[in-house]
file start_7.cif (mmCIF, C-alpha atoms)
data_query
loop_
_atom_site.label_atom_id
_atom_site.label_comp_id
_atom_site.auth_asym_id
_atom_site.auth_seq_id
_atom_site.Cartn_x
_atom_site.Cartn_y
_atom_site.Cartn_z
CA MET J 1 9.78 5.75 -8.22
CA SER J 2 11.56 6.57 -5.02
CA LEU J 3 11.34 6.23 -1.28
CA GLY J 4 9.46 9.51 -1.16
CA ASN J 5 6.49 7.86 -2.87
CA ILE J 6 6.09 5.54 0.12
CA PHE J 7 5.31 8.55 2.31
CA ASP J 8 2.54 9.57 -0.08
CA ILE J 9 1.18 6.02 -0.23
CA ALA J 10 1.20 5.47 3.54
CA GLY J 11 -0.18 8.99 4.05
CA SER J 12 -3.11 8.30 1.72
CA GLY J 13 -3.77 5.09 3.64
CA MET J 14 -3.78 6.98 6.94
CA THR J 15 -6.16 9.61 5.58
CA ALA J 16 -8.54 6.95 4.30
CA GLN J 17 -8.48 5.00 7.56
CA SER J 18 -9.03 8.08 9.71
CA LEU J 19 -12.03 8.99 7.56
CA ARG J 20 -13.35 5.49 8.10
CA LEU J 21 -12.84 5.94 11.84
CA ASN J 22 -14.70 9.25 11.54
CA THR J 23 -17.77 7.63 9.96
CA THR J 24 -17.67 4.91 12.62
CA ALA J 25 -17.63 7.53 15.38
CA SER J 26 -20.54 9.34 13.76
CA ASN J 27 -22.50 6.09 13.42
CA ILE J 28 -21.97 5.06 17.03
CA ALA J 29 -22.77 8.55 18.33
CA ASN J 30 -26.05 8.53 16.41
CA ALA J 31 -26.97 4.90 17.11
CA GLU J 32 -29.86 5.94 19.35
CA THR J 33 -31.01 9.07 17.54
CA ALA J 34 -34.73 8.49 17.17
CA SER J 35 -36.92 10.22 14.62
CA SER J 36 -40.61 10.29 13.74
CA SER J 37 -40.30 9.59 9.99
CA THR J 38 -38.18 7.35 7.79
CA ASP J 39 -36.74 10.25 5.73
CA THR J 40 -35.28 12.14 8.67
CA THR J 41 -33.80 9.14 10.48
CA TYR J 42 -30.02 8.86 10.57
CA ARG J 43 -28.63 6.04 8.41
CA ALA J 44 -25.28 4.27 8.92
CA ARG J 45 -22.55 5.82 6.74
CA LYS J 46 -19.75 3.86 5.10
CA PRO J 47 -16.77 5.14 3.09
CA VAL J 48 -15.96 3.57 -0.29
CA PHE J 49 -12.24 3.04 -0.94
CA ALA J 50 -10.59 2.89 -4.36
CA ALA J 51 -6.97 2.40 -5.40
CA ILE J 52 -5.14 5.34 -7.00
CA GLN J 53 -3.32 4.37 -10.18
CA GLN J 54 -0.07 6.10 -11.10
CA ALA J 55 -1.40 6.81 -14.59
CA MET J 56 -4.20 8.89 -13.07
CA LEU J 57 -1.74 11.19 -11.34
CA ASN J 58 0.36 12.06 -14.41
CA PRO J 59 -1.52 11.08 -17.56
CA ASP J 60 1.14 12.55 -19.90
CA GLN J 61 3.68 10.02 -18.65
CA GLN J 62 1.40 7.11 -19.36
CA GLY J 63 3.50 4.53 -21.17
CA PHE J 64 2.48 2.14 -23.89
CA GLY J 65 2.67 -1.59 -23.46
CA MET J 66 4.37 -3.11 -20.46
CA GLY J 67 6.45 -0.24 -19.13
CA SER J 68 7.84 -0.65 -15.65
CA GLU J 69 5.56 2.11 -14.32
CA GLU J 70 2.50 0.70 -16.02
CA GLY J 71 -0.23 0.05 -13.50
CA ALA J 72 1.92 1.00 -10.52
CA GLY J 73 -0.30 2.07 -7.68
CA ALA J 74 -0.01 5.28 -5.71
CA GLY J 75 -2.09 4.67 -2.62
CA VAL J 76 -5.75 4.72 -1.77
CA ARG J 77 -8.48 7.36 -1.97
CA VAL J 78 -12.00 7.67 -0.63
CA GLU J 79 -14.37 7.65 -3.56
CA GLY J 80 -17.35 8.71 -1.52
CA ILE J 81 -19.51 7.97 1.47
CA VAL J 82 -22.63 5.89 1.04
CA GLU J 83 -25.56 5.55 3.40
CA SER J 84 -26.64 2.07 4.31
CA ASP J 85 -30.07 1.08 2.94
CA ALA J 86 -30.68 -1.58 5.55
CA GLU J 87 -34.10 -1.45 7.15
CA LEU J 88 -34.66 1.06 9.98
CA GLN J 89 -35.74 -0.17 13.37
CA MET J 90 -39.36 0.68 14.16
CA ARG J 91 -40.20 0.68 17.87
CA TYR J 92 -43.50 1.23 19.61
CA GLU J 93 -42.83 4.02 22.11
CA PRO J 94 -46.01 6.13 22.48
CA ASN J 95 -44.49 8.23 25.26
CA HIS J 96 -41.51 9.29 23.14
CA PRO J 97 -41.71 12.99 22.17
CA ALA J 98 -40.88 12.10 18.55
CA ALA J 99 -43.49 9.36 18.27
CA ASN J 100 -45.85 9.56 15.25
CA GLU J 101 -49.64 9.24 15.33
CA GLU J 102 -49.53 5.45 15.73
CA GLY J 103 -46.99 5.74 18.54
CA TYR J 104 -43.96 4.50 16.61
CA VAL J 105 -40.44 5.99 16.46
CA TYR J 106 -37.72 5.10 13.98
CA TYR J 107 -34.23 4.24 15.15
CA PRO J 108 -31.16 4.27 12.84
CA ASN J 109 -29.99 1.11 11.08
CA VAL J 110 -26.64 1.28 12.86
CA ASN J 111 -25.28 -2.08 13.94
CA VAL J 112 -23.13 -1.18 16.93
CA VAL J 113 -21.30 -4.53 17.03
CA GLU J 114 -20.40 -4.17 13.36
CA GLU J 115 -19.24 -0.61 13.99
CA MET J 116 -16.97 -1.71 16.84
CA ALA J 117 -15.41 -4.38 14.64
CA ASP J 118 -14.97 -1.77 11.91
CA MET J 119 -13.31 0.54 14.40
CA MET J 120 -10.77 -2.10 15.40
CA SER J 121 -10.07 -2.94 11.78
CA SER J 122 -9.49 0.68 10.80
CA SER J 123 -7.32 1.41 13.82
CA ARG J 124 -5.14 -1.62 13.00
CA SER J 125 -4.88 -0.57 9.37
CA PHE J 126 -3.92 2.94 10.46
CA GLN J 127 -1.23 1.50 12.71
CA MET J 128 0.07 -0.59 9.82
CA ASN J 129 0.42 2.49 7.62
CA VAL J 130 2.27 4.31 10.40
CA ASP J 131 4.69 1.36 10.63
CA VAL J 132 5.25 1.50 6.88
CA MET J 133 5.99 5.21 7.07
CA ASN J 134 8.42 4.73 9.96
CA THR J 135 10.26 2.02 8.08
CA ALA J 136 10.48 4.20 4.96
CA LYS J 137 11.83 7.00 7.14
CA SER J 138 14.60 4.85 8.60
CA MET J 139 15.45 3.56 5.09
CA MET J 140 15.76 7.14 3.91
CA GLN J 141 17.88 8.13 6.89
CA ARG J 142 20.23 5.24 6.13
CA ILE J 143 20.69 6.35 2.54
CA LEU J 144 21.70 9.81 3.76
CA THR J 145 24.63 8.27 5.62
CA LEU J 146 25.98 6.58 2.48
CA GLY J 147 29.71 7.08 2.13
CA GLN J 148 30.19 8.28 5.69
CA GLN J 149 32.58 6.51 7.95
CA MET W 1 42.96 0.37 -15.39
CA ALA W 2 40.47 3.05 -14.55
CA ILE W 3 38.15 2.65 -11.61
CA THR W 4 34.56 3.16 -12.70
CA PHE W 5 31.71 3.43 -10.28
CA ASP W 6 29.80 0.73 -12.12
CA LYS W 7 32.59 -1.78 -11.57
CA ALA W 8 33.38 -0.68 -8.05
CA LEU W 9 29.84 -0.77 -6.75
CA GLY W 10 28.89 -4.02 -8.42
CA ILE W 11 25.43 -5.51 -8.15
CA HIS W 12 24.58 -3.79 -4.87
CA GLU W 13 23.45 -0.56 -6.51
CA HIS W 14 20.91 -2.50 -8.62
CA ALA W 15 19.87 -4.50 -5.57
CA LEU W 16 19.20 -1.33 -3.60
CA GLN W 17 17.10 0.13 -6.42
CA ALA W 18 15.11 -3.09 -6.71
CA ARG W 19 14.53 -3.08 -2.93
CA VAL W 20 13.19 0.48 -3.03
CA LYS W 21 10.87 -0.45 -5.88
CA ARG W 22 9.62 -3.48 -3.98
CA ALA W 23 9.10 -1.44 -0.80
CA GLU W 24 6.91 0.95 -2.77
CA VAL W 25 4.79 -1.84 -4.23
CA LEU W 26 4.35 -3.52 -0.84
CA ALA W 27 3.49 -0.19 0.83
CA ASN W 28 0.81 0.25 -1.80
CA ASN W 29 -0.58 -3.20 -1.06
CA LEU W 30 -0.78 -2.32 2.63
CA ALA W 31 -2.45 1.04 1.97
CA ASN W 32 -5.08 -0.78 -0.10
CA ALA W 33 -5.66 -3.56 2.43
CA ASP W 34 -9.33 -2.51 2.74
CA THR W 35 -10.03 -1.46 -0.86
CA PRO W 36 -12.69 -3.63 -2.50
CA GLY W 37 -11.51 -5.37 -5.66
CA TYR W 38 -7.85 -4.45 -5.18
CA LYS W 39 -5.40 -7.15 -6.29
CA ALA W 40 -2.14 -7.50 -4.36
CA ARG W 41 0.97 -7.02 -6.53
CA ASP W 42 4.68 -7.64 -6.28
CA VAL W 43 7.84 -7.49 -8.35
CA ASP W 44 9.99 -10.51 -9.21
CA PHE W 45 13.18 -9.64 -7.37
CA GLN W 46 15.08 -12.71 -8.59
CA ALA W 47 14.32 -11.97 -12.24
CA MET W 48 15.36 -8.33 -11.79
CA MET W 49 18.67 -9.35 -10.20
CA GLN W 50 19.28 -11.96 -12.89
CA LYS W 51 18.84 -9.34 -15.58
CA ALA W 52 21.13 -6.88 -13.79
CA GLN W 53 23.77 -9.58 -13.42
CA ASP W 54 23.48 -10.62 -17.07
CA SER W 55 23.89 -7.04 -18.24
CA MET W 56 26.95 -6.59 -15.99
CA THR W 57 28.74 -9.77 -16.98
CA GLY W 58 27.79 -9.37 -20.64
CA PHE W 59 26.31 -12.86 -20.85
CA GLY W 60 22.79 -11.60 -21.39
CA MET W 61 21.08 -12.07 -24.75
CA THR W 62 20.78 -8.87 -26.72
CA THR W 63 18.10 -8.13 -29.28
CA THR W 64 19.52 -6.59 -32.43
CA HIS W 65 16.54 -7.18 -34.69
CA SER W 66 12.86 -6.41 -34.26
CA GLY W 67 12.07 -10.09 -34.86
CA HIS W 68 14.20 -11.20 -31.91
CA MET W 69 12.24 -12.45 -28.96
CA ASP W 70 12.90 -11.38 -25.40
CA THR W 71 14.38 -14.40 -23.61
CA SER W 72 14.48 -12.86 -20.16
CA SER W 73 11.92 -14.19 -17.72
CA PRO W 74 8.73 -12.19 -17.16
CA GLY W 75 9.14 -9.55 -14.50
CA ALA W 76 12.81 -8.91 -15.30
CA ASP W 77 12.14 -5.25 -16.14
CA GLY W 78 10.50 -4.68 -12.80
CA GLU W 79 6.94 -4.80 -14.12
CA LEU W 80 4.34 -5.64 -11.54
CA LEU W 81 2.96 -9.15 -11.28
CA TYR W 82 -0.17 -10.24 -9.44
CA ARG W 83 0.03 -12.34 -6.32
CA THR W 84 -1.74 -15.69 -6.17
CA PRO W 85 -4.17 -15.31 -3.25
CA HIS W 86 -4.54 -17.99 -0.60
CA GLN W 87 -7.84 -16.69 0.71
CA PRO W 88 -9.29 -13.74 -1.21
CA SER W 89 -11.94 -11.84 0.69
CA ILE W 90 -15.52 -11.67 -0.48
CA ASP W 91 -15.13 -8.12 -1.88
CA GLY W 92 -12.41 -9.29 -4.32
CA ASN W 93 -9.47 -7.93 -2.32
CA THR W 94 -6.45 -10.26 -2.35
CA VAL W 95 -4.22 -8.41 0.15
CA ASP W 96 -3.16 -10.55 3.12
CA ALA W 97 -2.16 -7.73 5.48
CA GLN W 98 -0.02 -9.86 7.80
CA ALA W 99 1.86 -11.55 4.97
CA GLU W 100 2.41 -8.22 3.24
CA GLN W 101 3.69 -6.62 6.41
CA THR W 102 6.11 -9.50 6.94
CA ARG W 103 7.37 -9.09 3.39
CA PHE W 104 7.70 -5.35 3.85
CA MET W 105 9.75 -5.76 7.03
CA ARG W 106 11.93 -8.41 5.45
CA ASN W 107 12.45 -6.25 2.42
CA ALA W 108 13.53 -3.39 4.70
CA MET W 109 16.08 -5.67 6.39
CA ASP W 110 17.41 -6.86 3.04
CA TYR W 111 17.62 -3.22 2.03
CA GLN W 112 19.81 -2.59 5.08
CA ALA W 113 22.04 -5.48 4.10
CA SER W 114 22.43 -4.20 0.53
CA PHE W 115 23.08 -0.76 1.90
CA GLN W 116 25.79 -2.12 4.20
CA PHE W 117 27.53 -3.78 1.25
CA LEU W 118 27.31 -0.60 -0.81
CA SER W 119 28.58 1.49 2.08
CA SER W 120 31.57 -0.78 2.62
CA ARG W 121 32.41 -0.51 -1.07
CA PHE W 122 32.58 3.24 -0.63
CA SER W 123 34.75 3.03 2.47
CA GLY W 124 37.00 0.60 0.58
CA LEU W 125 37.35 3.12 -2.24
CA THR W 126 38.14 5.88 0.24
CA LYS W 127 40.80 3.73 1.84
CA ALA W 128 42.36 3.01 -1.54
CA LEU W 129 42.41 6.70 -2.43
CA LYS W 130 43.95 7.78 0.86
CA GLY W 131 46.54 5.02 0.79
CA GLU W 132 46.62 4.69 4.53
#
call {"tool": "encode", "arguments": {"input": "start_7.cif", "output": "structure tokens"}}
result
Amino acid sequence: MSLGNIFDIAGSGMTAQSLRLNTTASNIANAETASSSTDTTYRARKPVFAAIQQAMLNPDQQGFGMGSEEGAGAGVRVEGIVESDAELQMRYEPNHPAANEEGYVYYPNVNVVEEMADMMSSSRSFQMNVDVMNTAKSMMQRILTLGQQ
Amino acid sequence: MAITFDKALGIHEHALQARVKRAEVLANNLANADTPGYKARDVDFQAMMQKAQDSMTGFGMTTTHSGHMDTSSPGADGELLYRTPHQPSIDGNTVDAQAEQTRFMRNAMDYQASFQFLSSRFSGLTKALKGE
């Protein structure tokens, strides 16, 4: 337990949020990528976050009972990226080069409005983690001046 | 009478340690603001300070037998407690980002205050040693 841990925690938060921003960018960029079959169509991607527990980082130090470090968190990690299984949009566009025999093309299940909201949320969360890191930095700088006149 | 650091620094050293611990817990809450199922946590600062004060003044209850019960309030050892959520989100997350950020900022200011007290103790000691 020290101020240095806060840097790791806020850093893990920033990594997770930037990955979320990455998936959002990918989703928006591919929002209009049409395809002729359901298997090859792009699907919206979402990251899955999970909390890191201290005990996972150093299992040999895992205490018994209600130690002060028991259950203390150590940030956030991305457990994986899942593809949305919402229904794809089927549009009748016979003149489209990727149209199938019946004249339909498949568009991704990306909800652009949802993605924009997600983008704002992740950018705010990123900002919050930066603030936390800055505060921890100034706290650390103060402690270095201890005992000085 | 010998000057010991424990006596000279008083409660402020414990306060500073408790503030650092709390900052870490709150930073973790903020990092997990978007984690599904994450429960916001906090330490009981008052209970931690009470315990530190009791151990300094010697008025705290000591356990000398395995059958003795711990009379200190829960959270006195700095173990993490769960926050009671006002409006948990649908994915089971109980972090209120704004409230947590406010607490984090306030904790940082209180840390500065504790630090100021500790720092002035040191400058007081230096003054006493120099005899100016």
call {"tool": "resolve_selection", "arguments": {"input": "start_7.cif", "expression": "the PyMOL selection byres ((chain W and resi 46) around 10)", "output": "list of chain:residue names"}}
result
W:Ala15, W:Ala18, W:Val43, W:Asp44, W:Phe45, W:Ala47, W:Met48, W:Met49, W:Gln50, W:Lys51, W:Ala52, W:Ser73, W:Gly75, W:Ala76
call {"tool": "resolve_selection", "arguments": {"input": "start_7.cif", "expression": "the PyMOL selection byres ((chain J) within 7 of (chain W))", "output": "PyMOL selection string"}}
result
chain J and resi 1-3+5-6+9-10+13+49-51+67-68+73-76+129+132+146-147+149
call {"tool": "atom_distance", "arguments": {"input": "start_7.cif", "atom1": "CA of Tyr42 (chain J)", "atom2": "CA of Thr23 (chain J)"}}
result
12.3 Å
call {"tool": "atom_distance", "arguments": {"input": "start_7.cif", "atom1": "CA of Val78 (chain J)", "atom2": "CA of Val48 (chain J)"}}
result
5.7 Å
call {"tool": "atom_distance", "arguments": {"input": "start_7.cif", "atom1": "CA of Glu79 (chain J)", "atom2": "CA of Asp42 (chain W)"}}
result
24.6 Å
call {"tool": "resolve_selection", "arguments": {"input": "start_7.cif", "expression": "the PyMOL selection byres ((chain J and resi 81-84) around 10)", "output": "PyMOL selection string"}}
result
chain J and resi 19-20+23+42-49+78-80+85-88+108-110
call {"tool": "closest_residue", "arguments": {"input": "start_7.cif", "among": "W:Lys127, W:Thr63, W:Tyr82, W:Asn107", "to": "Thr94 (chain W)", "atoms": "all atoms listed in the file"}}
result
W:Tyr82
call {"tool": "closest_residue", "arguments": {"input": "start_7.cif", "among": "J:Met90, J:Met119, J:Ile143, J:Ala98", "to": "Ala25 (chain J)", "atoms": "all atoms listed in the file"}}
result
J:Met119
call {"tool": "closest_residue", "arguments": {"input": "start_7.cif", "among": "J:Asn27, J:Thr40, J:Gln148, J:Asn134", "to": "Asn111 (chain J)", "atoms": "all atoms listed in the file"}}
result
J:Asn27
call {"tool": "closest_residue", "arguments": {"input": "start_7.cif", "among": "J:Gln17, J:Ile28, J:Phe7, J:Asn22", "to": "Glu114 (chain J)", "atoms": "only C-alpha atoms"}}
result
J:Ile28
call {"tool": "decode", "arguments": {"input": "start_7.cif", "residues": "region 1-23 of chain W", "atoms": "N, CA and C atoms", "output": "PDB file, in the first residue's frame"}}
result
ATOM      1  N   MET W   1      13.982  13.795  29.796  1.00  0.00           N
ATOM      2  CA  MET W   1      12.982  13.100  28.998  1.00  0.00           C
ATOM      3  C   MET W   1      13.412  13.055  27.532  1.00  0.00           C
ATOM      4  N   ALA W   2      13.469  11.861  27.032  1.00  0.00           N
ATOM      5  CA  ALA W   2      13.938  11.713  25.648  1.00  0.00           C
ATOM      6  C   ALA W   2      12.827  12.085  24.670  1.00  0.00           C
ATOM      7  N   ILE W   3      13.243  12.677  23.580  1.00  0.00           N
ATOM      8  CA  ILE W   3      12.276  12.978  22.519  1.00  0.00           C
ATOM      9  C   ILE W   3      12.210  11.772  21.593  1.00  0.00           C
ATOM     10  N   THR W   4      11.034  11.175  21.483  1.00  0.00           N
ATOM     11  CA  THR W   4      10.876  10.079  20.516  1.00  0.00           C
ATOM     12  C   THR W   4      10.025  10.595  19.361  1.00  0.00           C
ATOM     13  N   PHE W   5      10.275  10.025  18.214  1.00  0.00           N
ATOM     14  CA  PHE W   5       9.532  10.463  17.034  1.00  0.00           C
ATOM     15  C   PHE W   5       8.039  10.224  17.201  1.00  0.00           C
ATOM     16  N   ASP W   6       7.717   9.084  17.845  1.00  0.00           N
ATOM     17  CA  ASP W   6       6.303   8.756  18.027  1.00  0.00           C
ATOM     18  C   ASP W   6       5.571   9.842  18.793  1.00  0.00           C
ATOM     19  N   LYS W   7       6.250  10.345  19.860  1.00  0.00           N
ATOM     20  CA  LYS W   7       5.599  11.373  20.675  1.00  0.00           C
ATOM     21  C   LYS W   7       5.605  12.715  19.969  1.00  0.00           C
ATOM     22  N   ALA W   8       6.703  12.983  19.274  1.00  0.00           N
ATOM     23  CA  ALA W   8       6.827  14.297  18.637  1.00  0.00           C
ATOM     24  C   ALA W   8       5.873  14.457  17.465  1.00  0.00           C
ATOM     25  N   LEU W   9       5.671  13.395  16.727  1.00  0.00           N
ATOM     26  CA  LEU W   9       4.854  13.523  15.517  1.00  0.00           C
ATOM     27  C   LEU W   9       3.365  13.391  15.801  1.00  0.00           C
ATOM     28  N   GLY W  10       3.053  12.708  16.907  1.00  0.00           N
ATOM     29  CA  GLY W  10       1.647  12.612  17.295  1.00  0.00           C
ATOM     30  C   GLY W  10       0.809  11.817  16.318  1.00  0.00           C
ATOM     31  N   ILE W  11      -0.449  12.199  16.231  1.00  0.00           N
ATOM     32  CA  ILE W  11      -1.436  11.446  15.447  1.00  0.00           C
ATOM     33  C   ILE W  11      -1.266  11.669  13.947  1.00  0.00           C
ATOM     34  N   HIS W  12      -0.550  12.743  13.581  1.00  0.00           N
ATOM     35  CA  HIS W  12      -0.530  13.141  12.172  1.00  0.00           C
ATOM     36  C   HIS W  12       0.084  12.098  11.251  1.00  0.00           C
ATOM     37  N   GLU W  13       1.062  11.359  11.786  1.00  0.00           N
ATOM     38  CA  GLU W  13       1.688  10.314  10.973  1.00  0.00           C
ATOM     39  C   GLU W  13       0.649   9.255  10.606  1.00  0.00           C
ATOM     40  N   HIS W  14      -0.154   8.846  11.618  1.00  0.00           N
ATOM     41  CA  HIS W  14      -1.208   7.852  11.362  1.00  0.00           C
ATOM     42  C   HIS W  14      -2.248   8.409  10.394  1.00  0.00           C
ATOM     43  N   ALA W  15      -2.564   9.695  10.583  1.00  0.00           N
ATOM     44  CA  ALA W  15      -3.570  10.331   9.723  1.00  0.00           C
ATOM     45  C   ALA W  15      -3.113  10.311   8.270  1.00  0.00           C
ATOM     46  N   LEU W  16      -1.830  10.621   8.066  1.00  0.00           N
ATOM     47  CA  LEU W  16      -1.285  10.658   6.707  1.00  0.00           C
ATOM     48  C   LEU W  16      -1.345   9.278   6.066  1.00  0.00           C
ATOM     49  N   GLN W  17      -0.997   8.251   6.859  1.00  0.00           N
ATOM     50  CA  GLN W  17      -1.041   6.879   6.333  1.00  0.00           C
ATOM     51  C   GLN W  17      -2.471   6.488   5.964  1.00  0.00           C
ATOM     52  N   ALA W  18      -3.407   6.859   6.837  1.00  0.00           N
ATOM     53  CA  ALA W  18      -4.811   6.524   6.568  1.00  0.00           C
ATOM     54  C   ALA W  18      -5.305   7.251   5.322  1.00  0.00           C
ATOM     55  N   ARG W  19      -4.836   8.480   5.127  1.00  0.00           N
ATOM     56  CA  ARG W  19      -5.238   9.259   3.933  1.00  0.00           C
ATOM     57  C   ARG W  19      -4.714   8.611   2.656  1.00  0.00           C
ATOM     58  N   VAL W  20      -3.477   8.123   2.708  1.00  0.00           N
ATOM     59  CA  VAL W  20      -2.901   7.460   1.523  1.00  0.00           C
ATOM     60  C   VAL W  20      -3.701   6.208   1.191  1.00  0.00           C
ATOM     61  N   LYS W  21      -4.031   5.460   2.242  1.00  0.00           N
ATOM     62  CA  LYS W  21      -4.798   4.220   2.057  1.00  0.00           C
ATOM     63  C   LYS W  21      -6.158   4.540   1.412  1.00  0.00           C
ATOM     64  N   ARG W  22      -6.784   5.594   1.928  1.00  0.00           N
ATOM     65  CA  ARG W  22      -8.104   5.966   1.415  1.00  0.00           C
ATOM     66  C   ARG W  22      -8.002   6.437  -0.039  1.00  0.00           C
ATOM     67  N   ALA W  23      -6.935   7.199  -0.342  1.00  0.00           N
ATOM     68  CA  ALA W  23      -6.746   7.667  -1.720  1.00  0.00           C
ATOM     69  C   ALA W  23      -6.643   6.484  -2.663  1.00  0.00           C
TER      70      ALA W  23
END
